[in-house]
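Peer 1: Before I ask anything, here is the structure I am working with.
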Amino acid sequence: MLLIDCPYCGPRAEIEFAYGGEAHIARPAADVSEEEWEAFLYLRDNTKGVLAERWRHAHGCGRFFNALRDTRTDRFHAFYEIGTPRPDVGDAA
Amino acid sequence: MSGAFRLAGRGRIDTARPVVFRFDGRMVRGYAGDTVASALLAEGRHLMGRSFKYHRPRGPVSAGSDEPNALVGVGEGGRYTPNLRATQVEIHDGMVVVSQNRAPSLRFDIGALNTLAAPVLPAGFYYKTFMWPRGFWDKVYEPLIRRAAGLGRAPTAPDPDHYALHYAHCDVLVAGGGPAGLAAALAAGQAGARVILCDENVEFGGSLLVDTHSLIDGLPGMTWVARIVAELERLPNVQLLTRCSAFNYGPHNMVALNQRLSDHLAAPPADMPRERIWQVRARDVVLAAGALERVLVFEGNDRPGIMLASAARTYLHRYGVACGRKAVVVTADDAAYRVALDLAEAGVKIAAIADLRPTPGGPVVEAVQSRGIAVLPATTIQRAHGHLRVTGAELAPIGADGTVGRGRTIACDLVLMSGGFTPSLHLHSQARGALRFDDALGVYVPGESVERVRSAGSCRGIFALDEVLRDGVVAGLAAAGGETGPVWTVTRQDAPGAGGFAGALPRRGPGHLALAFVDFQNDVTAKDVKLAVREGFRSIEHVKRYTTTGMATDQGKGSNVNALAIVSDVLGRTPQEVGLTTYRPPYTPVTFGAFAGHARGDQFDPLRLPPMDAWARAQGVVFEDVGLWRRARYFPRAGEDMAAAVARECRAVRGAAGIFDASTLGKIEVVGPDAAEFMNRFYVNAWTKLSIGKCRYGLVCRDSGFVYDDGVVGRIATDRFHVTTTTGGAAGVLNMMEDYLQTEWPDLDVWLTSITEQWAVIALQGPRARDILAPLVDGLDISAGAMPHMTLREGSIGGVPMRLFRVSFTGELGYEINVPSRQAQAVWDRVWQAGAVFGLMPYGTEAMHVLRAEKGYLIVGQETDGTMTPGDVGCGWAVSKVKPDFVGKRALALPAMNAPDRLQMVGVLTDDPQEVLEEGMQLVTAAETPVPASAEGHVTSSYFSPALGRSIAIAMVKGGRSRMGAALYAPRLEGPALKVTLVDPVFYDPEGARLND
């Protein structure tokens with residue numbers, strides 16, 4: 001069970017959280033092309049390595065936040081607030 | 001002393017406390033501290049079980065948790081537990097133990113004929129032998145296989161014991177309490193770290209439990225252990241757990257331990273849990289799991305009386321049991337020589353030591369030779385003789401060129417084997433640690449790990465006791481962040497020596513590899529493994545699954561390295577190139593009870609009860625489960641079946657009035673200066689112009705454009721909306737709202753609050769609803785003119801605060817009375833009493849479904865399936881055409897979302913008005929349709945309508961709205977297809993006159 005460091009509450013067990021999928025996917029305006037809308041809805045990177053992803057502290061403060069997690073190791077490299085840019089952690093493994 | 005093979009003055013058993021238990025109905029005597037295996041061995045009995053496939057007679061190979069053979073069933077009734085290792089089960093008075101996999105008896109077993117059938121049960125026999133004829137599978141093959149194979153029987157009675165779950169945090173978890181683990185725990189504990197030390201055994205000590213030779217600081221091993229344990233017990237920051245196996249290593253150092261609490265007690269306290277799962281979150285982990293001796297693979301290596309050398313040493317020193325009178329030792333390393341010395345000193349005759357190595361030497365070998373024990377270098381064992389017990393070992397010389405010469409048989413009742421030691425990598429590997437092949441040792445050792453974990457001692461290939469102790473201290477200090485740790489001097493020890501063997505032993509002639517077992521429990525032989533490779537299985541993972549090697553309850557502890565060696569030999573590739581199979585949890589089997597813990601019966605799932613649950617029960621209601629909710633389904637009167645009760649309840653609502661507990665409805669309050677803007681962006685509907693005190697049907701889509709949820713929304717104030725959702729959708733809608741609010745629209749000043757549990761909802765529906773309610777609402781004017789359909793009023797009812805919605809899910813004049821949940825029953829009682837003279841009746845969810853279907857109201861999740869647009873379900877009118885954006889807008893503009901042949905919601909009438917369609921029925925274009933047919937649609941709701949006196953149904957049909965009056969057919973499993981006609985889905989009062997009454 002992952003140990004997730006909620007930026008608002010501190011480290012908590014994974015069962016308190018809901019996964020929110022890949023982060024930094026901006027919702028386009030309603031007049032974009034079909035291809036752009038399809039990409040927004042369905043196309044994801046399926047990263048092997050450091051992935052920016054969303055979590056919600058569903059059974060805690062209720063807040064969404066972002067995390068950088070290495071999908072190979074499950075190691076977290078950063079937790080940061082929604083709306084802030086992805087931190088640069090290099091090519092950390 | 002009990003048992004002819006018990007040795008006085010030896011072992012760690014308590015001979016002052018005799019214990020009597022039953023094995024297969026027979027009384028067996030042992031002592032406190034014995035296991036089932038040691039007590040039986042003390043009687044000279046090795047035969048304890050039968051194997052899985054061939055039902056071959058088997059005795060214990062090991063003395064611990066790696067035991068593949070001696071599996072027994074323990075206990076009676078609901079406490080019966082199958083497949084326990086006799087080598088671990090501690091005996092107590094009155095214990096009932098049975099052997100497994102035998103019929104009629106352990107000594108004579110009919111299934112053993114399978115050995116004769118071995119040619120038809122080769123590797124992958126499940127996939128080959130039982131393929132044909134197909135019709136035989138269900139009736140003949142599968143029952144046969146299930147009866148013949150499988151391990152112990154599962155108990156059928158409920159488990160009367162209870163099980164505990166405990167979460168714990170520590171700085172350093174040490175898994176394994178042998179010399180390395182004890183050293184690590186003491187070093188970490190003295191450095192101030194919070195330490196948990198666990199060991200699967202009854203007492204700490206690990207290899208020192210059976211090592212009477214080594215001296216630490218001049219002390220015998222177990223004297224040293226007692227001192228260290230005493231020191232650890234004095235440290236308040238150290239927790240010691242015995243009978244406690246670390247069985248699962250999860251991400252971020254979450255390690256699960258299983259602690260056995262009461263099985264070893266004859267009369268455990270009633271409130272004592274049987275087992276406890278520890279979920280330990282450790283900052284650092286030290287693995288001190290030790291190493292396991294490998295079996296040797298030769299013909300007949302599974303005969304009772306053939307065991308690991310280290311096991312015989314364990315039975316001698318822990319239990320005071322000699323495993324035989326006359327032993328032959330076959331070894332590829334030095335450790336077995338010490339065992340031979342110990343046994344000889346205890347009076348066991350060592351007939352010979354066959355050493356696979358050409359030039360064994362060193363102090364321990366010389367000590368053996370100086371005792372007059374014959375050491376045969378470059379010698380293999382060709383085969384073992386005997387049936388229910390080994391009677392002899394055929395030893396044969398290995399020439400310089402590797403060929404095996406003619407053998408000679410030495411009579412014996414015990415064969416001890418040692419292929420060297422395999423580091424226990426299970427937990428390291430479960431933690432996704434890499435493995436590295438050590439060429440010098442010929443085994444895998446731990447490599448890099450992604451976790452904060454260290455291995456110490458023999459589980460990483462360090463075998464000399466002095467080095468093991470130092471390694472433990474180093475690991476403990478590193479884990480705890482300490483600088484100096486305890487120092488001990490090992491004043492006497494055996495050097496580990498070099499050697500080891502993996503794979504099938506060399507032999508003379510073709511021999512019978514079919515009887516040289518690699519995986520004892522699953523009866524996988526060296527021949528099976530070779531055959532699998534010859535048949536094209538190259539990946540070790542495929543060989544494992546095809547042959548089932550390593551898939552037994554011992555998880556290949558003793559077999560994996562031998563299987564790997566055989567595969568790499570046949571393929572002509574190195575073991576590194578072949579690789580190891582993935583180690584999977586659990587390390588040792590864990591009972592279902594331990595996993596379930598307290599989550600049984602009522603505590604398995606939370607039960608949500610609506611406020612009027614007790615009232616409904618008093619009325620003799622029939623309940624149904626809706627998600628976690630228990631809801632009133634219908635209220636039968638004497639002699640009524642469901643159809644009769646539902647018909648009466650429907651007639652009451654249409655003719656007078658009905659009362660319904662709708663409290664399970666999801667409710668969310670949307671509050672804030674930007675509440676209306678939020679609603680505009682979130683719902684497909686427009687909200688800006690909804691005035692205070694008015695309600696509107698709201699529809700939620702996902703950004704994919706598909707309907708997600710629906711419900712009536714009322715505007716309480718400019719900045720406050722009272723939102724309702726479906727019963728099942730409440731949590732999902734709130735989560736989705738939070739998602740958009742927090743991540744897409746942080747510019748909006750809005751708060752979202754779940755109010756499902758706070759507001760109870762009493763639905764009062766029917767033409768007399770206003771007459772019943774009007775006198776109760778503390779002066780509020782609810783006349784048709786003052787409070788029309790789709791409006792809401794705040795007020796009170798008998799002094800209880802109220803949000804009164806005039807809404808209807810029945811098509812009748814209706815109200816939904818929202819009151820605080822704690823006062824709901826009192827309000828319900830008042831309404832109920834006031835309604836008596838009007839013929840008010842309670843109705844349940846079944847009548848609610850019929851009434852809404854008569855009106856063609858959809859239920860999200862029944863008519864929709866996650867691929868329906870608002871237009872598909874006849875709600876295109878709800879979608880705003882003018883809003884610049886809302887969730888789902890872009891997708892709804894896609895051409896495919898507006899195609900004319902999409903499934904559309906329609907009504908369906910059968911030709912025979914008494915025929916009620918099955919929900920889920922497919923609709924096709926012709927009465928006789930060849931299979932496979934392509935469906936035109938499917939039935940989503942179907943009921944008998946009391947109001948119409950006939951059956952009605954709702955269906956989703958391709959282009960349905962443009963096919964009104966067309967005929968379709970609903971094929972049935974039996975009988976001709978039913979002809980149906982497509983109609984408008986609003987069956988009752990299509991003008992809505994009754995709603996607006």
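In the structure tokens, the first chain shown is A, the next is B, and so on; residue numbers restart at 1 for each chain, and ligands run from 1 in the order shown.
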So which residues of stretch 4-66 of chain A fall under alpha helix (DSSP H) by DSSP, listed as a ChimeraX atom specification?
Peer 2: /A:34-42
Peer 1: Which residues come within 9 Å of stretch 546-556 of chain B, counting only C-alpha atoms, excluding same-chain residues fewer than 3 positions away, as a PyMOL selection string?
Peer 2: chain B and resi 65-68+83+122-125+127+518-525+528-529+532+537+541-543+559-561+563+581+583-589
Peer 1: Residues within 10 Å of stretch 67-77 of chain A, please, as number ranges by chain. Count only C-alpha atoms; anything in the same chain fewer than 6 positions from it doesn't count.
Peer 2: A: 2-7, 22-23, 46-55, 86-89, 91-93; B: 251-252, 431-433, 449-451
Peer 1: Quick one: write out the picked residues with N, CA, C and O atoms as a short mmCIF file (atom, residue, chain, number, x, y, z; two decimals), in the first residue's frame?
Peer 2:
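Saved to again27.cif:
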data_model
loop_
_atom_site.label_atom_id
_atom_site.label_comp_id
_atom_site.auth_asym_id
_atom_site.auth_seq_id
_atom_site.Cartn_x
_atom_site.Cartn_y
_atom_site.Cartn_z
N LEU A 2 0.63 2.11 -0.98
CA LEU A 2 1.48 3.30 -1.11
C LEU A 2 1.31 4.20 0.11
O LEU A 2 0.27 4.22 0.76
N LEU A 3 2.34 4.96 0.38
CA LEU A 3 2.29 6.01 1.39
C LEU A 3 2.28 7.33 0.63
O LEU A 3 3.25 7.64 -0.07
N ILE A 4 1.20 8.07 0.76
CA ILE A 4 1.00 9.26 -0.08
C ILE A 4 1.03 10.49 0.81
O ILE A 4 0.31 10.57 1.81
N ASP A 5 1.85 11.44 0.40
CA ASP A 5 2.06 12.63 1.23
C ASP A 5 1.13 13.76 0.74
O ASP A 5 1.51 14.56 -0.10
N CYS A 6 -0.07 13.77 1.29
CA CYS A 6 -1.03 14.81 0.90
C CYS A 6 -0.45 16.18 1.26
O CYS A 6 -0.04 16.39 2.41
N PRO A 7 -0.40 17.13 0.31
CA PRO A 7 0.19 18.43 0.61
C PRO A 7 -0.57 19.18 1.71
O PRO A 7 -0.04 20.13 2.28
N GLU A 22 -3.75 10.70 -15.22
CA GLU A 22 -2.63 11.55 -15.60
C GLU A 22 -2.95 13.03 -15.36
O GLU A 22 -4.07 13.48 -15.60
N ALA A 23 -1.95 13.76 -14.90
CA ALA A 23 -2.14 15.18 -14.59
C ALA A 23 -1.75 16.06 -15.77
O ALA A 23 -1.20 15.59 -16.76
N ASN A 46 0.82 6.64 -21.02
CA ASN A 46 1.19 5.31 -20.51
C ASN A 46 2.68 5.26 -20.19
O ASN A 46 3.42 4.40 -20.65
N THR A 47 3.09 6.21 -19.38
CA THR A 47 4.51 6.43 -19.11
C THR A 47 5.16 5.27 -18.37
O THR A 47 4.61 4.77 -17.40
N LYS A 48 6.31 4.86 -18.86
CA LYS A 48 7.18 3.98 -18.07
C LYS A 48 8.30 4.88 -17.55
O LYS A 48 9.20 5.26 -18.30
N GLY A 49 8.19 5.27 -16.30
CA GLY A 49 9.12 6.25 -15.75
C GLY A 49 8.36 7.21 -14.87
O GLY A 49 7.35 6.83 -14.26
N VAL A 50 8.83 8.45 -14.82
CA VAL A 50 8.21 9.41 -13.91
C VAL A 50 6.95 9.98 -14.55
O VAL A 50 6.99 10.57 -15.62
N LEU A 51 5.84 9.76 -13.88
CA LEU A 51 4.52 10.17 -14.38
C LEU A 51 3.93 11.23 -13.45
O LEU A 51 3.96 11.06 -12.23
N ALA A 52 3.43 12.30 -14.04
CA ALA A 52 2.66 13.27 -13.26
C ALA A 52 1.22 12.79 -13.21
O ALA A 52 0.61 12.54 -14.26
N GLU A 53 0.70 12.63 -12.03
CA GLU A 53 -0.64 12.05 -11.90
C GLU A 53 -1.41 12.77 -10.80
O GLU A 53 -0.84 13.47 -9.96
N ARG A 54 -2.74 12.62 -10.87
CA ARG A 54 -3.61 13.29 -9.91
C ARG A 54 -4.07 12.30 -8.85
O ARG A 54 -4.31 11.13 -9.11
N TRP A 55 -4.19 12.80 -7.62
CA TRP A 55 -4.78 12.02 -6.54
C TRP A 55 -5.79 12.91 -5.83
O TRP A 55 -5.66 14.12 -5.82
N ARG A 86 4.68 21.36 -13.14
CA ARG A 86 5.36 20.11 -12.79
C ARG A 86 6.78 20.41 -12.33
O ARG A 86 7.55 21.04 -13.06
N PRO A 87 7.17 19.99 -11.13
CA PRO A 87 8.54 20.24 -10.66
C PRO A 87 9.55 19.48 -11.52
O PRO A 87 9.24 18.40 -12.05
N ASP A 88 10.73 20.04 -11.63
CA ASP A 88 11.78 19.38 -12.39
C ASP A 88 12.56 18.47 -11.45
O ASP A 88 13.23 18.93 -10.54
N VAL A 89 12.41 17.17 -11.65
CA VAL A 89 13.18 16.23 -10.82
C VAL A 89 14.22 15.52 -11.67
O VAL A 89 14.75 14.48 -11.29
N ASP A 91 15.80 13.21 -14.56
CA ASP A 91 15.33 11.89 -15.01
C ASP A 91 15.47 10.89 -13.87
O ASP A 91 15.98 9.80 -14.03
N ALA A 92 15.05 11.32 -12.69
CA ALA A 92 15.17 10.49 -11.49
C ALA A 92 14.56 9.12 -11.72
O ALA A 92 13.52 8.99 -12.35
N ALA A 93 15.22 8.12 -11.22
CA ALA A 93 14.70 6.76 -11.37
C ALA A 93 14.26 6.24 -10.01
O ALA A 93 14.50 6.84 -8.98
N PRO B 251 4.36 -2.21 -1.55
CA PRO B 251 5.09 -0.98 -1.87
C PRO B 251 5.25 -0.09 -0.64
O PRO B 251 4.42 -0.10 0.27
N HIS B 252 6.30 0.69 -0.66
CA HIS B 252 6.60 1.68 0.38
C HIS B 252 6.71 1.03 1.76
O HIS B 252 6.18 1.55 2.74
N ALA B 431 9.38 -7.25 -2.89
CA ALA B 431 9.57 -5.81 -2.81
C ALA B 431 10.15 -5.27 -4.12
O ALA B 431 10.63 -4.14 -4.16
N ARG B 432 10.09 -6.06 -5.17
CA ARG B 432 10.60 -5.70 -6.49
C ARG B 432 12.10 -5.44 -6.45
O ARG B 432 12.61 -4.58 -7.18
N GLY B 433 12.79 -6.16 -5.60
CA GLY B 433 14.24 -6.09 -5.60
C GLY B 433 14.79 -6.94 -6.73
O GLY B 433 14.26 -8.00 -7.04
N SER B 449 17.30 -2.78 -4.70
CA SER B 449 15.87 -2.73 -4.44
C SER B 449 15.39 -1.29 -4.54
O SER B 449 16.17 -0.36 -4.34
N VAL B 450 14.12 -1.12 -4.87
CA VAL B 450 13.56 0.23 -4.92
C VAL B 450 13.13 0.68 -3.53
O VAL B 450 12.82 1.84 -3.32
N GLU B 451 13.08 -0.25 -2.59
CA GLU B 451 12.63 0.09 -1.24
C GLU B 451 13.82 0.33 -0.32
O GLU B 451 14.96 -0.01 -0.64
#
Peer 1: Please produce, as CSV, a per-residue contact table for chain A versus chain B (criterion: any atom at most 9 Å away, only C-alpha atoms considered), showing the nearest atom pair and its distance in Å to one decimal, sorted by chain then residue number.
Peer 2:
residue,atom,partner,partner_atom,distance
A:Met1,CA,B:Pro251,CA,5.5
A:Leu2,CA,B:His252,CA,5.6
A:Leu3,CA,B:His252,CA,6.2
A:Gly20,CA,B:Asp739,CA,8.8
A:Ala26,CA,B:Glu744,CA,7.8
A:Arg27,CA,B:Glu744,CA,7.2
A:Ala29,CA,B:Asp885,CA,7.6
A:Ala30,CA,B:Arg890,CA,5.0
A:Asp31,CA,B:Arg890,CA,7.0
A:Val32,CA,B:Arg890,CA,8.0
A:Glu34,CA,B:Leu894,CA,7.3
A:Trp37,CA,B:Arg890,CA,7.5
A:Glu38,CA,B:Ala891,CA,8.8
A:Leu41,CA,B:Ser704,CA,6.9
A:Arg56,CA,B:Asp739,CA,8.6
A:Ala58,CA,B:Asn735,CA,8.3
A:Gly62,CA,B:Glu738,CA,8.3
A:Arg63,CA,B:Gln742,CA,7.6
A:Phe64,CA,B:Gln742,CA,6.8
A:Phe65,CA,B:Thr743,CA,8.7
A:Thr73,CA,B:Val450,CA,5.9
A:Asp74,CA,B:Pro251,CA,7.1
A:Arg75,CA,B:Val450,CA,7.6
A:Ile82,CA,B:Thr743,CA,6.3
A:Gly83,CA,B:Thr743,CA,7.3
Peer 1: How would the residues just chosen look if you wrote them out with C-alpha atoms as a compact mmCIF listing (two decimals), in the first residue's frame?
Peer 2:
# COMPACT_ATOMS: atom_id res chain seq x y z
CA MET A 1 0.00 0.00 0.00
CA LEU A 2 1.48 3.30 -1.11
CA LEU A 3 2.29 6.01 1.39
CA GLY A 20 -7.27 10.67 -10.66
CA ALA A 26 -5.90 20.79 -19.87
CA ARG A 27 -9.55 20.66 -20.88
CA ALA A 29 -12.39 24.96 -25.22
CA ALA A 30 -15.61 23.65 -26.77
CA ASP A 31 -14.62 24.72 -30.28
CA VAL A 32 -11.55 22.52 -30.77
CA GLU A 34 -12.54 16.44 -33.14
CA TRP A 37 -11.15 16.51 -28.26
CA GLU A 38 -10.41 12.83 -28.76
CA LEU A 41 -10.70 12.40 -23.67
CA ARG A 56 -7.71 13.03 -4.40
CA ALA A 58 -11.14 11.36 -0.82
CA GLY A 62 -11.12 15.99 -0.14
CA ARG A 63 -8.53 17.98 -2.07
CA PHE A 64 -7.08 17.04 -5.42
CA PHE A 65 -3.33 17.36 -5.85
CA THR A 73 9.27 1.64 -8.75
CA ASP A 74 6.22 3.40 -7.29
CA ARG A 75 8.63 5.91 -5.76
CA ILE A 82 -3.19 21.61 -8.61
CA GLY A 83 -2.43 24.50 -10.91
Peer 1: Enter the distance from atom CA of B:Met802 to atom CA of B:Cys650, in Å, rounded to one decimal.
Peer 2: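 A separation of 26.7 Å between them.
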